[in-house]
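Visitor: Contents of start10.tsv (TSV, C-alpha atoms) are below:
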chain	number	residue	atom	x	y	z
A	1	MET	CA	-36.24	-10.25	-96.36
A	2	TYR	CA	-36.43	-6.47	-96.74
A	3	ASP	CA	-33.45	-4.17	-96.33
A	4	VAL	CA	-35.61	-1.48	-94.69
A	5	ALA	CA	-39.16	-1.62	-93.33
A	6	ILE	CA	-40.73	1.78	-92.62
A	7	ILE	CA	-43.64	1.72	-90.17
A	8	GLY	CA	-46.11	4.50	-90.91
A	9	ALA	CA	-47.29	5.96	-94.23
A	10	GLY	CA	-47.82	9.53	-93.12
A	11	VAL	CA	-45.85	12.41	-94.59
A	12	ILE	CA	-42.68	11.40	-92.68
A	13	GLY	CA	-42.75	7.71	-93.64
A	14	SER	CA	-43.62	8.60	-97.23
A	15	ALA	CA	-40.82	11.20	-97.46
A	16	ILE	CA	-38.29	8.67	-96.14
A	17	ALA	CA	-39.59	6.05	-98.57
A	18	ARG	CA	-39.20	8.43	-101.51
A	19	GLU	CA	-35.63	9.36	-100.62
A	20	LEU	CA	-34.67	5.71	-99.97
A	21	SER	CA	-36.11	4.75	-103.37
A	22	ARG	CA	-33.05	6.45	-104.93
A	23	TYR	CA	-30.92	3.58	-103.63
A	24	GLN	CA	-30.46	-0.09	-104.47
A	25	ALA	CA	-32.46	-1.42	-101.53
A	26	ASN	CA	-35.54	-3.55	-100.97
A	27	VAL	CA	-37.87	-1.21	-99.04
A	28	CYS	CA	-41.42	-1.61	-97.75
A	29	VAL	CA	-43.83	0.64	-95.86
A	30	ILE	CA	-46.16	-0.96	-93.31
A	31	GLU	CA	-49.31	1.04	-92.52
A	32	ARG	CA	-52.17	-0.01	-90.25
A	33	GLU	CA	-54.75	2.17	-92.02
A	34	GLU	CA	-56.21	1.59	-95.48
A	35	ASP	CA	-54.21	4.32	-97.23
A	36	VAL	CA	-51.44	6.85	-96.84
A	37	CYS	CA	-52.06	10.13	-94.96
A	38	ASP	CA	-54.64	8.71	-92.54
A	39	GLY	CA	-53.21	10.03	-89.25
A	40	THR	CA	-51.59	13.28	-88.15
A	41	SER	CA	-50.66	14.15	-91.76
A	42	LYS	CA	-54.27	14.56	-92.85
A	43	ALA	CA	-55.41	16.93	-90.10
A	44	ASN	CA	-53.07	19.85	-89.53
A	45	SER	CA	-52.63	23.53	-90.41
A	46	ALA	CA	-51.07	22.83	-93.85
A	47	ILE	CA	-48.43	25.47	-93.07
A	48	ILE	CA	-44.84	25.61	-94.28
A	49	HIS	CA	-43.13	27.30	-91.34
A	50	ALA	CA	-40.28	29.74	-91.93
A	51	GLY	CA	-38.25	28.38	-88.99
A	52	PHE	CA	-38.07	31.18	-86.41
A	53	ASP	CA	-39.77	29.32	-83.56
A	54	ALA	CA	-37.53	26.28	-82.93
A	55	ALA	CA	-34.63	26.54	-80.48
A	56	PRO	CA	-31.37	27.47	-82.24
A	57	GLY	CA	-29.09	24.48	-82.64
A	58	SER	CA	-31.93	21.97	-82.31
A	59	LEU	CA	-32.75	19.28	-84.85
A	60	LYS	CA	-36.16	20.90	-85.21
A	61	ALA	CA	-34.58	24.22	-86.23
A	62	LYS	CA	-32.16	22.66	-88.71
A	63	LEU	CA	-34.73	20.41	-90.40
A	64	ASN	CA	-37.43	23.10	-90.43
A	65	VAL	CA	-35.28	25.59	-92.33
A	66	ARG	CA	-33.92	22.91	-94.68
A	67	GLY	CA	-37.39	21.52	-95.36
A	68	ASN	CA	-38.69	25.01	-96.11
A	69	GLU	CA	-35.84	25.55	-98.59
A	70	MET	CA	-36.60	22.25	-100.36
A	71	MET	CA	-40.30	22.94	-100.89
A	72	ASP	CA	-40.09	24.96	-104.14
A	73	ALA	CA	-38.21	22.27	-106.05
A	74	LEU	CA	-40.22	19.48	-104.44
A	75	SER	CA	-43.56	21.03	-105.41
A	76	LYS	CA	-42.37	21.27	-109.02
A	77	ASP	CA	-40.99	17.72	-109.04
A	78	LEU	CA	-44.18	16.26	-107.60
A	79	ASP	CA	-46.63	18.71	-109.24
A	80	ILE	CA	-48.36	19.70	-106.00
A	81	PRO	CA	-49.86	23.07	-105.00
A	82	PHE	CA	-47.54	25.22	-102.89
A	83	LYS	CA	-47.44	28.98	-102.30
A	84	ARG	CA	-45.05	31.24	-100.43
A	85	ASN	CA	-47.66	33.59	-99.02
A	86	GLY	CA	-45.47	34.76	-96.10
A	87	SER	CA	-46.40	34.72	-92.43
A	88	LEU	CA	-47.00	37.29	-89.69
A	89	VAL	CA	-46.68	36.77	-85.95
A	90	VAL	CA	-48.72	39.57	-84.42
A	91	CYS	CA	-48.40	41.15	-81.01
A	92	THR	CA	-51.42	42.67	-79.25
A	93	LYS	CA	-51.70	45.52	-76.72
A	94	ASP	CA	-51.68	43.19	-73.73
A	95	GLN	CA	-48.51	41.38	-74.87
A	96	ASP	CA	-44.85	42.31	-74.52
A	97	ARG	CA	-43.29	43.00	-77.91
A	98	SER	CA	-40.00	41.66	-76.58
A	99	GLY	CA	-41.47	38.28	-77.52
A	100	LEU	CA	-41.22	39.34	-81.17
A	101	ASP	CA	-37.63	40.46	-80.65
A	102	ALA	CA	-36.83	37.04	-79.20
A	103	LEU	CA	-38.43	35.31	-82.21
A	104	LEU	CA	-36.49	37.55	-84.59
A	105	GLU	CA	-33.24	36.70	-82.83
A	106	LYS	CA	-34.00	32.97	-82.89
A	107	GLY	CA	-34.95	33.12	-86.55
A	108	GLU	CA	-31.75	34.92	-87.50
A	109	LYS	CA	-29.69	32.34	-85.58
A	110	ASN	CA	-31.56	29.58	-87.42
A	111	GLY	CA	-30.75	31.17	-90.79
A	112	VAL	CA	-34.27	32.29	-91.74
A	113	PRO	CA	-33.97	34.96	-94.47
A	114	GLY	CA	-35.82	38.26	-94.72
A	115	LEU	CA	-37.24	38.53	-91.20
A	116	ARG	CA	-38.27	41.98	-89.97
A	117	ILE	CA	-40.56	43.55	-87.40
A	118	LEU	CA	-43.34	45.76	-88.80
A	119	GLU	CA	-45.37	48.43	-87.06
A	120	ARG	CA	-49.17	48.58	-87.15
A	121	GLU	CA	-49.46	50.90	-90.16
A	122	GLU	CA	-47.46	48.62	-92.43
A	123	LEU	CA	-49.26	45.53	-91.11
A	124	LEU	CA	-52.65	47.05	-91.96
A	125	GLN	CA	-51.51	47.67	-95.53
A	126	MET	CA	-50.77	43.95	-95.80
A	127	GLU	CA	-53.76	42.69	-93.77
A	128	PRO	CA	-56.67	45.16	-93.41
A	129	ASN	CA	-58.70	42.75	-91.24
A	130	LEU	CA	-56.29	42.74	-88.30
A	131	SER	CA	-57.91	43.60	-84.98
A	132	ASP	CA	-57.60	46.97	-83.27
A	133	ASP	CA	-55.50	45.32	-80.55
A	134	VAL	CA	-52.64	44.40	-82.90
A	135	THR	CA	-49.67	46.73	-82.41
A	136	CYS	CA	-46.80	45.16	-84.37
A	137	GLY	CA	-45.73	41.89	-85.97
A	138	LEU	CA	-42.84	39.76	-87.20
A	139	TYR	CA	-42.90	39.25	-90.99
A	140	ALA	CA	-41.39	36.09	-92.50
A	141	PRO	CA	-41.53	36.15	-96.32
A	142	THR	CA	-40.47	32.49	-96.66
A	143	GLY	CA	-43.57	31.16	-94.84
A	144	GLY	CA	-45.87	29.16	-97.08
A	145	ILE	CA	-48.94	26.97	-97.49
A	146	VAL	CA	-49.27	23.51	-99.02
A	147	CYS	CA	-51.81	20.70	-99.29
A	148	PRO	CA	-50.79	17.92	-96.87
A	149	PHE	CA	-52.86	15.31	-98.74
A	150	ASN	CA	-51.30	16.09	-102.11
A	151	LEU	CA	-47.82	16.20	-100.61
A	152	THR	CA	-48.08	12.85	-98.78
A	153	ILE	CA	-49.79	11.05	-101.65
A	154	ALA	CA	-47.27	12.38	-104.18
A	155	LEU	CA	-44.29	11.35	-102.02
A	156	ALA	CA	-45.75	7.85	-101.62
A	157	GLU	CA	-46.67	7.47	-105.29
A	158	ASN	CA	-43.18	8.55	-106.34
A	159	ALA	CA	-41.66	6.04	-103.91
A	160	PHE	CA	-43.94	3.30	-105.25
A	161	ASP	CA	-43.01	4.15	-108.86
A	162	ASN	CA	-39.38	3.67	-107.82
A	163	GLY	CA	-39.95	0.22	-106.34
A	164	VAL	CA	-41.03	0.71	-102.71
A	165	GLU	CA	-43.75	-1.74	-101.59
A	166	PHE	CA	-46.70	-0.64	-99.44
A	167	GLN	CA	-48.59	-2.94	-97.05
A	168	PHE	CA	-51.90	-1.42	-95.90
A	169	ASN	CA	-54.36	-2.53	-93.21
A	170	THR	CA	-51.33	-4.05	-91.48
A	171	GLU	CA	-50.89	-3.29	-87.78
A	172	VAL	CA	-47.58	-4.00	-86.04
A	173	THR	CA	-48.03	-6.01	-82.82
A	174	GLY	CA	-44.41	-6.72	-81.83
A	175	PHE	CA	-40.79	-7.31	-82.80
A	176	THR	CA	-38.26	-10.11	-82.44
A	177	TRP	CA	-34.54	-9.46	-82.92
A	178	GLU	CA	-32.60	-12.30	-84.48
A	179	ASP	CA	-28.97	-12.26	-85.47
A	180	GLY	CA	-28.77	-9.32	-87.89
A	181	PHE	CA	-32.44	-8.69	-88.66
A	182	TRP	CA	-35.84	-7.90	-87.16
A	183	THR	CA	-38.99	-10.00	-87.44
A	184	ILE	CA	-41.94	-7.64	-87.42
A	185	HIS	CA	-45.12	-9.28	-86.13
A	186	THR	CA	-48.38	-7.93	-87.56
A	187	ASN	CA	-52.05	-8.86	-87.85
A	188	HIS	CA	-51.20	-10.04	-91.39
A	189	GLY	CA	-48.26	-12.27	-90.55
A	190	ASP	CA	-44.57	-11.63	-90.08
A	191	PHE	CA	-42.16	-9.47	-92.07
A	192	GLU	CA	-38.38	-9.72	-91.91
A	193	SER	CA	-36.14	-6.70	-92.37
A	194	ARG	CA	-32.54	-5.79	-91.67
A	195	TYR	CA	-33.53	-2.32	-90.49
A	196	VAL	CA	-36.75	-0.89	-89.07
A	197	ILE	CA	-37.66	2.81	-89.30
A	198	ASN	CA	-40.30	3.83	-86.76
A	199	ALA	CA	-42.40	6.67	-88.24
A	200	ALA	CA	-45.62	5.74	-86.45
A	201	GLY	CA	-46.76	9.21	-85.32
A	202	VAL	CA	-48.66	9.18	-82.03
A	203	TYR	CA	-47.84	5.47	-81.71
A	204	ALA	CA	-44.08	5.88	-82.22
A	205	ASP	CA	-43.40	5.64	-78.48
A	206	VAL	CA	-45.45	2.43	-78.21
A	207	LEU	CA	-43.30	0.75	-80.89
A	208	HIS	CA	-40.07	2.23	-79.51
A	209	ASN	CA	-40.84	1.00	-76.00
A	210	MET	CA	-41.28	-2.56	-77.29
A	211	VAL	CA	-37.57	-2.74	-78.14
A	212	SER	CA	-35.59	0.02	-76.40
A	213	THR	CA	-34.08	0.18	-72.92
A	214	ARG	CA	-34.66	3.96	-72.82
A	215	LYS	CA	-38.37	4.70	-72.84
A	216	LEU	CA	-40.11	7.44	-74.82
A	217	HIS	CA	-43.32	9.20	-73.89
A	218	ILE	CA	-45.56	10.85	-76.47
A	219	THR	CA	-48.66	12.82	-75.54
A	220	PRO	CA	-51.42	13.10	-78.17
A	221	ARG	CA	-52.15	16.83	-78.41
A	222	ARG	CA	-55.51	17.51	-80.04
A	223	GLY	CA	-56.04	20.54	-82.24
A	224	ASP	CA	-59.51	21.67	-83.36
A	225	TYR	CA	-59.94	23.52	-86.67
A	226	CYS	CA	-62.62	25.31	-88.67
A	227	LEU	CA	-62.41	25.35	-92.46
A	228	LEU	CA	-64.26	28.24	-94.12
A	229	ASP	CA	-65.88	28.42	-97.55
A	230	LYS	CA	-63.90	29.51	-100.60
A	231	ASN	CA	-65.83	32.77	-100.75
A	232	THR	CA	-63.72	33.79	-97.73
A	233	GLY	CA	-60.44	33.05	-99.51
A	234	ASP	CA	-59.33	36.69	-99.62
A	235	PHE	CA	-60.09	37.43	-95.95
A	236	VAL	CA	-56.35	37.18	-95.23
A	237	SER	CA	-53.49	36.67	-97.66
A	238	HIS	CA	-50.72	35.79	-95.16
A	239	THR	CA	-50.64	33.16	-92.45
A	240	ILE	CA	-51.36	35.09	-89.24
A	241	PHE	CA	-49.95	33.60	-86.03
A	242	GLN	CA	-50.27	34.75	-82.45
A	243	LEU	CA	-47.22	35.13	-80.23
A	244	PRO	CA	-46.30	31.56	-79.18
A	245	GLY	CA	-47.13	30.26	-75.72
A	246	LYS	CA	-45.99	27.14	-73.90
A	247	LEU	CA	-48.50	24.97	-75.82
A	248	GLY	CA	-47.46	26.18	-79.26
A	249	LYS	CA	-48.06	28.93	-81.74
A	250	GLY	CA	-51.63	29.70	-80.72
A	251	VAL	CA	-54.58	29.96	-83.09
A	252	LEU	CA	-53.70	30.92	-86.65
A	253	VAL	CA	-55.81	32.30	-89.47
A	254	SER	CA	-54.56	31.46	-92.95
A	255	PRO	CA	-55.57	31.04	-96.55
A	256	THR	CA	-55.24	27.54	-98.01
A	257	VAL	CA	-53.81	26.57	-101.39
A	258	HIS	CA	-57.34	25.61	-102.45
A	259	GLY	CA	-58.77	29.08	-101.75
A	260	ASN	CA	-60.41	28.49	-98.36
A	261	THR	CA	-59.62	30.05	-94.98
A	262	ILE	CA	-58.48	27.82	-92.11
A	263	VAL	CA	-58.69	28.74	-88.41
A	264	GLY	CA	-57.00	26.77	-85.61
A	265	PRO	CA	-55.69	24.83	-83.86
A	266	THR	CA	-56.42	24.54	-80.19
A	267	ALA	CA	-53.88	22.59	-78.09
A	268	ILE	CA	-55.43	20.08	-75.70
A	269	ASP	CA	-53.40	17.20	-74.26
A	270	ILE	CA	-55.41	13.96	-74.17
A	271	GLU	CA	-54.79	10.26	-73.52
A	272	ASP	CA	-56.77	8.79	-76.42
A	273	ARG	CA	-54.50	8.24	-79.44
A	274	GLU	CA	-57.62	8.07	-81.64
A	275	GLY	CA	-59.30	11.12	-80.06
A	276	THR	CA	-59.95	13.21	-83.16
A	277	ASN	CA	-63.47	14.24	-82.20
A	278	THR	CA	-64.16	17.95	-82.12
A	279	THR	CA	-65.81	19.53	-79.09
A	280	ALA	CA	-68.05	22.57	-78.76
A	281	GLU	CA	-65.71	23.85	-76.07
A	282	GLY	CA	-62.66	23.50	-78.33
A	283	LEU	CA	-64.31	25.18	-81.31
A	284	ASN	CA	-65.65	28.06	-79.20
A	285	ASP	CA	-62.16	28.50	-77.74
A	286	LEU	CA	-60.47	28.79	-81.13
A	287	ILE	CA	-63.10	31.23	-82.43
A	288	GLU	CA	-62.59	33.43	-79.36
A	289	LYS	CA	-58.79	33.31	-79.67
A	290	ALA	CA	-58.87	34.08	-83.39
A	291	GLY	CA	-60.79	37.25	-82.55
A	292	ALA	CA	-57.73	38.60	-80.77
A	293	THR	CA	-55.85	38.95	-84.06
A	294	VAL	CA	-58.52	39.51	-86.74
A	295	GLU	CA	-61.83	41.31	-86.84
A	296	HIS	CA	-65.08	40.28	-88.53
A	297	LEU	CA	-63.92	36.68	-89.01
A	298	PRO	CA	-66.64	35.16	-91.26
A	299	ILE	CA	-67.00	32.14	-88.99
A	300	ARG	CA	-70.58	31.52	-90.18
A	301	GLN	CA	-68.99	30.50	-93.48
A	302	THR	CA	-67.53	27.38	-91.81
A	303	ILE	CA	-68.10	24.38	-94.08
A	304	THR	CA	-66.52	21.80	-91.79
A	305	SER	CA	-64.74	21.43	-88.49
A	306	PHE	CA	-62.21	18.73	-87.68
A	307	ALA	CA	-59.51	17.81	-85.19
A	308	GLY	CA	-56.04	16.32	-85.56
A	309	LEU	CA	-53.47	14.93	-83.15
A	310	ARG	CA	-49.85	16.04	-82.77
A	311	ALA	CA	-47.26	13.63	-81.40
A	312	HIS	CA	-45.80	15.72	-78.59
A	313	GLU	CA	-42.62	14.24	-77.08
A	314	ASP	CA	-41.75	15.35	-73.55
A	315	HIS	CA	-38.48	17.05	-74.51
A	316	HIS	CA	-39.93	19.23	-77.32
A	317	GLU	CA	-37.49	17.80	-79.86
A	318	PHE	CA	-37.56	15.48	-82.86
A	319	VAL	CA	-36.20	12.05	-81.88
A	320	ILE	CA	-34.31	10.72	-84.90
A	321	GLY	CA	-31.68	8.00	-84.70
A	322	GLU	CA	-30.99	4.46	-83.55
A	323	ALA	CA	-33.00	3.48	-80.47
A	324	GLU	CA	-30.94	2.81	-77.36
A	325	GLY	CA	-30.45	-0.92	-76.83
A	326	ALA	CA	-32.11	-1.80	-80.15
A	327	GLN	CA	-29.61	-2.00	-82.97
A	328	GLN	CA	-30.84	-1.38	-86.51
A	329	PHE	CA	-34.09	0.14	-85.16
A	330	ILE	CA	-34.28	3.80	-86.23
A	331	ASP	CA	-36.72	6.20	-84.56
A	332	CYS	CA	-38.47	9.14	-86.22
A	333	ALA	CA	-40.56	10.06	-83.20
A	334	GLY	CA	-42.01	13.20	-81.66
A	335	ILE	CA	-42.50	14.74	-85.09
A	336	GLU	CA	-44.97	17.46	-84.15
A	337	SER	CA	-45.03	20.97	-85.63
A	338	PRO	CA	-43.05	21.85	-87.75
A	339	GLY	CA	-43.13	18.21	-88.91
A	340	LEU	CA	-44.94	18.85	-92.21
A	341	THR	CA	-42.44	21.57	-93.13
A	342	SER	CA	-39.52	19.40	-92.06
A	343	SER	CA	-40.71	16.24	-93.83
A	344	PRO	CA	-38.59	16.56	-97.01
A	345	ALA	CA	-35.50	17.30	-94.92
A	346	ILE	CA	-36.27	14.42	-92.54
A	347	GLY	CA	-36.62	12.12	-95.55
A	348	LEU	CA	-33.23	13.24	-96.83
A	349	HIS	CA	-31.60	13.11	-93.37
A	350	VAL	CA	-32.80	9.56	-92.65
A	351	SER	CA	-32.01	8.26	-96.13
A	352	GLU	CA	-28.44	9.56	-95.84
A	353	LEU	CA	-28.20	7.94	-92.39
A	354	MET	CA	-29.34	4.61	-93.90
A	355	ARG	CA	-26.98	5.02	-96.85
A	356	ASP	CA	-24.04	5.41	-94.49
A	357	LEU	CA	-25.12	2.61	-92.12
A	358	MET	CA	-25.89	0.10	-94.87
A	359	GLY	CA	-23.44	1.16	-97.58
A	360	LEU	CA	-26.28	1.75	-100.05
A	361	ARG	CA	-25.50	2.66	-103.64
A	362	GLU	CA	-27.61	4.98	-105.78
A	363	LYS	CA	-29.58	3.60	-108.71
A	364	GLU	CA	-28.43	4.71	-112.14
Show me the file's structure as structure tokens.

Guide:
Amino acid sequence: MYDVAIIGAGVIGSAIARELSRYQANVCVIEREEDVCDGTSKANSAIIHAGFDAAPGSLKAKLNVRGNEMMDALSKDLDIPFKRNGSLVVCTKDQDRSGLDALLEKGEKNGVPGLRILEREELLQMEPNLSDDVTCGLYAPTGGIVCPFNLTIALAENAFDNGVEFQFNTEVTGFTWEDGFWTIHTNHGDFESRYVINAAGVYADVLHNMVSTRKLHITPRRGDYCLLDKNTGDFVSHTIFQLPGKLGKGVLVSPTVHGNTIVGPTAIDIEDREGTNTTAEGLNDLIEKAGATVEHLPIRQTITSFAGLRAHEDHHEFVIGEAEGAQQFIDCAGIESPGLTSSPAIGLHVSELMRDLMGLREKE
């Protein structure tokens, strides 16, 4: 009998496991793949967002800013690469700069420090390869870059060192509620746990809908990327975003902590929850869109292309809390961008929720 069973060993499940490992509790993580970081966490932009995009007052906004703040100490504690390179959201001639003003206002309401709008001359001093169409941009000095593999693996290893068990190649097939605990049915037998935490990424709605009276709907949103050779590592020094549209923050161009350049993602809603294949159409689309913000992109230096899936929930908000009609079943669903940035704060938020619900005591 476990006290808490976390389903999903991505960055969210691993962050929750690490924070829960501070407490006197018997915790396990159940993961259907062969290792941690095998889903959404392994194929994303690797960006630490400043926090100016989420709606003020939302859980996304709160956890984004808090997660960003936590990243310096966390990277030192876990010995992972992290850099505050700053980010720029650029506006082009055919766009209304009032969109930047709106982002600035949202960011200030969310508590993002140091935001300011720069004109073209100052932008070119920072990023000489910006396109001729760029007129102005929003600068966020707290934006950063990280390695999602290193982060997820380090969180999970730290949790394991502190006593959390991991069950790999174990796929959840159903749940049975008995008086005071859940039986979790899997392809490797049953597990019993007082509480279940659902951190299953693009499958979080499937698990939620097995037990809850209020249904969730998650759309897998595919994003194609190109990763460029390390000899392009100085092409840009900041993370360069486009003004956000209804499908997200557009195509970005950014350095990586390993010295490469990354370009992407597209945003294509699909049905297949395993649909991580790239397409010629998607890659051509992101190359064309990147050309709106930078010139002479060395796209021929691409060493690999890949695609990842984001778990887009219909209401554009993180779903964190006890599922309706399913006591002791805690959702962490709809964790799309800025999920990587928010992960340390989500881990802390959920562990404090579990501490209060279960009366957990910290280890000495």

Visitor: Take the point (-60.1, 38.6, -80.3) as written in the file and pick out every residue within 10 Å of it, counting only C-alpha atoms; give the list as an mmCIF file with C-alpha atoms, in the coordinates of the input.

Guide:
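Ended up saving to point_39.cif:
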data_model
loop_
_atom_site.group_PDB
_atom_site.id
_atom_site.type_symbol
_atom_site.label_atom_id
_atom_site.label_comp_id
_atom_site.auth_asym_id
_atom_site.auth_seq_id
_atom_site.Cartn_x
_atom_site.Cartn_y
_atom_site.Cartn_z
ATOM 1 C CA THR A 92 -51.420 42.670 -79.250
ATOM 2 C CA LEU A 130 -56.290 42.740 -88.300
ATOM 3 C CA SER A 131 -57.910 43.600 -84.980
ATOM 4 C CA ASP A 132 -57.600 46.970 -83.270
ATOM 5 C CA ASP A 133 -55.500 45.320 -80.550
ATOM 6 C CA VAL A 134 -52.640 44.400 -82.900
ATOM 7 C CA LEU A 286 -60.470 28.790 -81.130
ATOM 8 C CA ILE A 287 -63.100 31.230 -82.430
ATOM 9 C CA GLU A 288 -62.590 33.430 -79.360
ATOM 10 C CA LYS A 289 -58.790 33.310 -79.670
ATOM 11 C CA ALA A 290 -58.870 34.080 -83.390
ATOM 12 C CA GLY A 291 -60.790 37.250 -82.550
ATOM 13 C CA ALA A 292 -57.730 38.600 -80.770
ATOM 14 C CA THR A 293 -55.850 38.950 -84.060
ATOM 15 C CA VAL A 294 -58.520 39.510 -86.740
ATOM 16 C CA GLU A 295 -61.830 41.310 -86.840
ATOM 17 C CA HIS A 296 -65.080 40.280 -88.530
ATOM 18 C CA LEU A 297 -63.920 36.680 -89.010
#

Visitor: How close does segment 5-115 of chain A get to segment 149-154 of chain A? List, as a Markdown table, each residue of segment 5-115 of chain A within 10 Å, its nearest atom pair and the distance in Å to one decimal, counting all atoms listed in the file.

Guide:
| residue | atom | partner | partner_atom | distance |
| --- | --- | --- | --- | --- |
| A:Ala9 | CA | A:Thr152 | CA | 8.3 |
| A:Gly10 | CA | A:Thr152 | CA | 6.6 |
| A:Val11 | CA | A:Thr152 | CA | 4.8 |
| A:Ile12 | CA | A:Thr152 | CA | 8.3 |
| A:Gly13 | CA | A:Thr152 | CA | 9.0 |
| A:Ser14 | CA | A:Thr152 | CA | 6.4 |
| A:Ala15 | CA | A:Thr152 | CA | 7.6 |
| A:Arg18 | CA | A:Ala154 | CA | 9.4 |
| A:Asp35 | CA | A:Ile153 | CA | 9.2 |
| A:Val36 | CA | A:Ile153 | CA | 6.6 |
| A:Cys37 | CA | A:Thr152 | CA | 6.2 |
| A:Asp38 | CA | A:Phe149 | CA | 9.2 |
| A:Ser41 | CA | A:Phe149 | CA | 7.4 |
| A:Lys42 | CA | A:Phe149 | CA | 6.1 |
| A:Ala43 | CA | A:Phe149 | CA | 9.2 |
| A:Ala46 | CA | A:Phe149 | CA | 9.1 |
| A:Leu74 | CA | A:Leu151 | CA | 9.1 |
| A:Ser75 | CA | A:Leu151 | CA | 8.0 |
| A:Asp77 | CA | A:Ala154 | CA | 9.6 |
| A:Leu78 | CA | A:Ala154 | CA | 6.0 |
| A:Asp79 | CA | A:Ala154 | CA | 8.1 |
| A:Ile80 | CA | A:Asn150 | CA | 6.1 |
| A:Pro81 | CA | A:Asn150 | CA | 7.7 |
| A:Phe82 | CA | A:Leu151 | CA | 9.3 |

Visitor: Which residue is closest to Val172 of chain A? Choose from A:Asp3, A:Glu364, A:Glu313, A:Asp190 and count all atoms listed in the file.

Guide: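 Result for the nearest residue to Val172 of chain A: A:Asp190.
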
Visitor: Tell me, as a ChimeraX atom specification, which residues lie within 7 Å of Leu360 of chain A, counting all atoms listed in the file; anything in the same chain fewer than 5 positions away does not count.

Guide: /A:23-24,355

Visitor: Would you mind reading off the distance between atom CA of Tyr225 of chain A and atom CA of Val253 of chain A, one decimal, in Å?

Guide: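 Going from atom CA of Tyr225 of chain A over to atom CA of Val253 of chain A, I get 10.1 Å.
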
Visitor: Excluding Thr135 of chain A and any residue of its chain fewer than 3 positions from it, enumerate the residues within 7 Å of it, using all atoms listed in the file, and give them as an mmCIF file with C-alpha atoms, in the frame of the given file.

Guide:
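The resulting file, out.cif, is reproduced below:
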data_model
loop_
_atom_site.group_PDB
_atom_site.id
_atom_site.type_symbol
_atom_site.label_atom_id
_atom_site.label_comp_id
_atom_site.auth_asym_id
_atom_site.auth_seq_id
_atom_site.Cartn_x
_atom_site.Cartn_y
_atom_site.Cartn_z
ATOM 1 C CA CYS A 91 -48.400 41.150 -81.010
ATOM 2 C CA THR A 92 -51.420 42.670 -79.250
ATOM 3 C CA LYS A 93 -51.700 45.520 -76.720
ATOM 4 C CA GLU A 119 -45.370 48.430 -87.060
ATOM 5 C CA ARG A 120 -49.170 48.580 -87.150
#

Visitor: I'd like the neighbourhood of Asn198 of chain A as a list in words, where a residue qualifies if any of its atoms comes within 8 Å (using only C-alpha atoms), though same-chain residues fewer than 4 positions away should be ignored.

Guide: Ile6, Ile7, Gly8, Ala204, Leu207, His208, Phe329, Ile330, Asp331, Cys332 and Ala333 of chain A

Visitor: With distances taken over all atoms listed in the file, which of A:Ile270, A:Ala159, A:Leu88, A:Leu309 is nearest to Phe241 of chain A?

Guide: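 Under the stated criterion, the closest residue is A:Leu88.
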
Visitor: Nearest residue to Asn85 of chain A out of A:Ser193, A:Asn209, A:Thr176, A:Ser254, using all atoms listed in the file?

Guide: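 Selected residue with least distance to Asn85 of chain A: A:Ser254.
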
Visitor: Dig up all the protein and nucleic acid residues within 10 Å of (-39.4, 32.4, -97.9) in the file frame, using only C-alpha atoms, and format them as a list in words.

Guide: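 Residues satisfying the cut-off, written out: Ile48, His49, Ala50, Gly51, Val65, Asn68, Glu69, Met71, Asp72, Lys83, Arg84, Asn85, Gly86, Ser87, Val112, Pro113, Gly114, Leu115, Ala140, Pro141, Thr142, Gly143 and Gly144 of chain A.
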
Visitor: Convert the current residue selection to file output with C-alpha atoms, as an mmCIF file, in the frame of the given file.

Guide:
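Wrote result38.cif, looks like this:
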data_model
loop_
_atom_site.group_PDB
_atom_site.id
_atom_site.type_symbol
_atom_site.label_atom_id
_atom_site.label_comp_id
_atom_site.auth_asym_id
_atom_site.auth_seq_id
_atom_site.Cartn_x
_atom_site.Cartn_y
_atom_site.Cartn_z
ATOM 1 C CA ILE A 48 -44.840 25.610 -94.280
ATOM 2 C CA HIS A 49 -43.130 27.300 -91.340
ATOM 3 C CA ALA A 50 -40.280 29.740 -91.930
ATOM 4 C CA GLY A 51 -38.250 28.380 -88.990
ATOM 5 C CA VAL A 65 -35.280 25.590 -92.330
ATOM 6 C CA ASN A 68 -38.690 25.010 -96.110
ATOM 7 C CA GLU A 69 -35.840 25.550 -98.590
ATOM 8 C CA MET A 71 -40.300 22.940 -100.890
ATOM 9 C CA ASP A 72 -40.090 24.960 -104.140
ATOM 10 C CA LYS A 83 -47.440 28.980 -102.300
ATOM 11 C CA ARG A 84 -45.050 31.240 -100.430
ATOM 12 C CA ASN A 85 -47.660 33.590 -99.020
ATOM 13 C CA GLY A 86 -45.470 34.760 -96.100
ATOM 14 C CA SER A 87 -46.400 34.720 -92.430
ATOM 15 C CA VAL A 112 -34.270 32.290 -91.740
ATOM 16 C CA PRO A 113 -33.970 34.960 -94.470
ATOM 17 C CA GLY A 114 -35.820 38.260 -94.720
ATOM 18 C CA LEU A 115 -37.240 38.530 -91.200
ATOM 19 C CA ALA A 140 -41.390 36.090 -92.500
ATOM 20 C CA PRO A 141 -41.530 36.150 -96.320
ATOM 21 C CA THR A 142 -40.470 32.490 -96.660
ATOM 22 C CA GLY A 143 -43.570 31.160 -94.840
ATOM 23 C CA GLY A 144 -45.870 29.160 -97.080
#
